[in-house]
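One structure is given here, and the rest of the page talks about it.
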Amino acid sequence: MSVRQTWVVREGGATCTWFDLRLAFADGAWIDALAVLSDGALRVDAVRAEPALSLDDLAALGEWLEGPLYEACVSGAAEAAPATARRARLAWPRGTEGRRLVAREYRAAREGGDDPVLAVMRATGQSRRRSLRLIGEARDEGFLAPRHARREAGAPPAP
């Protein structure tokens, strides 16, 4: 039997947590169920089975699911307790201090042999495009070396 937390919905002070359950039997039969934990009550929302369940099997379904579902709900509620947004970004300083930190992350990744843009993406929580923009701003402020060496107007090309 496998039980996994599918999603959590928070509205106001209430939390609803959905769980997918799958029972697989040796003869190839299976039962899929969707359960919801809301206001301290656990309800089975939907059940699919192959072959179809008889009324006696449907009555016994609660006993089969009770133990594993309870364990998943207790651990799922403990994991869901810190209410964080799914796509929350890290608090990252703006302005000069933020660009200085971008440059530090960029240099550390290059020295470590990692992808510097990916390191900045992880540190800031921003997209690749926004991270490249931050790296460019750090270059413009002088925290990183220029991308291309610029030649003076009358200087001959280097040998």
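Residues in the structure tokens are numbered from 1 in each chain, the chains being A, B, ... in the order shown, and ligands are numbered from 1 in the order shown.
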Can you pull out every residue within 10 Å of Val9 in chain A, counting only C-alpha atoms, but drop anything in the same chain fewer than 5 positions away, and send it as a ChimeraX atom specification? /A:14-18,38
May I have the residues within 7 Å of range 118-120 of chain A as a ChimeraX atom specification, using only C-alpha atoms and disregarding those fewer than 2 positions away in the same chain? /A:102,105-106,109,115-116,122-124,131
Of the candidates A:Ala52, A:Ala60, A:Tyr70, A:Arg129, which shows the shortest atom-to-atom distance to Gly40 in chain A, using only C-alpha atoms?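 Smallest distance to Gly40 in chain A is found for A:Tyr70.
Of the listed residues (A:Ser2, A:Ala108, A:Val44, A:Arg139), A:Val44 comes nearest to Gly62 in chain A; the distances count only C-alpha atoms.
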Could you pull out the alpha helix (DSSP H) residues of chain A, going by DSSP on the backbone, and write them as a count of residues only? 66
Nearest candidate to Leu42 in chain A (options A:Glu66, A:Glu11, A:Glu137, A:Glu97; using only C-alpha atoms):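 Smallest separation from Leu42 in chain A among the options: A:Glu66.
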Among range 11-142 of chain A, which ones does DSSP assign to strand (DSSP E or B) (computed from the backbone)? Answer as a ChimeraX atom specification. /A:11,14-24,30-38,41-50
Can you write out the residues you just picked, keeping C-alpha atoms, as a short mmCIF file (atom, residue, chain, number, x, y, z; two decimals), in the first residue's frame?
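Okay, result12.cif is ready:
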```
data_model
loop_
_atom_site.label_atom_id
_atom_site.label_comp_id
_atom_site.auth_asym_id
_atom_site.auth_seq_id
_atom_site.Cartn_x
_atom_site.Cartn_y
_atom_site.Cartn_z
CA GLU A 11 -7.71 29.35 3.40
CA ALA A 14 -8.47 26.22 7.83
CA THR A 15 -6.28 23.61 6.14
CA CYS A 16 -7.41 20.78 3.86
CA THR A 17 -4.93 18.06 2.95
CA TRP A 18 -5.54 15.48 0.20
CA PHE A 19 -3.90 12.05 0.06
CA ASP A 20 -3.63 9.54 -2.78
CA LEU A 21 -3.81 5.91 -1.71
CA ARG A 22 -3.01 2.86 -3.78
CA LEU A 23 -3.53 -0.74 -2.73
CA ALA A 24 -2.10 -3.30 -5.12
CA TRP A 30 -5.93 -2.61 -7.31
CA ILE A 31 -7.77 0.07 -5.38
CA ASP A 32 -7.13 3.82 -5.73
CA ALA A 33 -8.63 6.23 -3.22
CA LEU A 34 -8.54 9.95 -2.61
CA ALA A 35 -8.88 10.99 1.04
CA VAL A 36 -9.18 14.49 2.51
CA LEU A 37 -8.23 15.60 6.01
CA SER A 38 -10.22 18.70 6.98
CA ALA A 41 -12.02 14.71 10.18
CA LEU A 42 -10.78 12.27 7.58
CA ARG A 43 -13.04 11.42 4.64
CA VAL A 44 -12.58 9.16 1.66
CA ASP A 45 -13.58 11.32 -1.28
CA ALA A 46 -13.30 8.94 -4.23
CA VAL A 47 -12.60 5.23 -4.77
CA ARG A 48 -11.72 3.39 -7.98
CA ALA A 49 -11.05 -0.33 -8.10
CA GLU A 50 -10.31 -3.06 -10.61
#
```
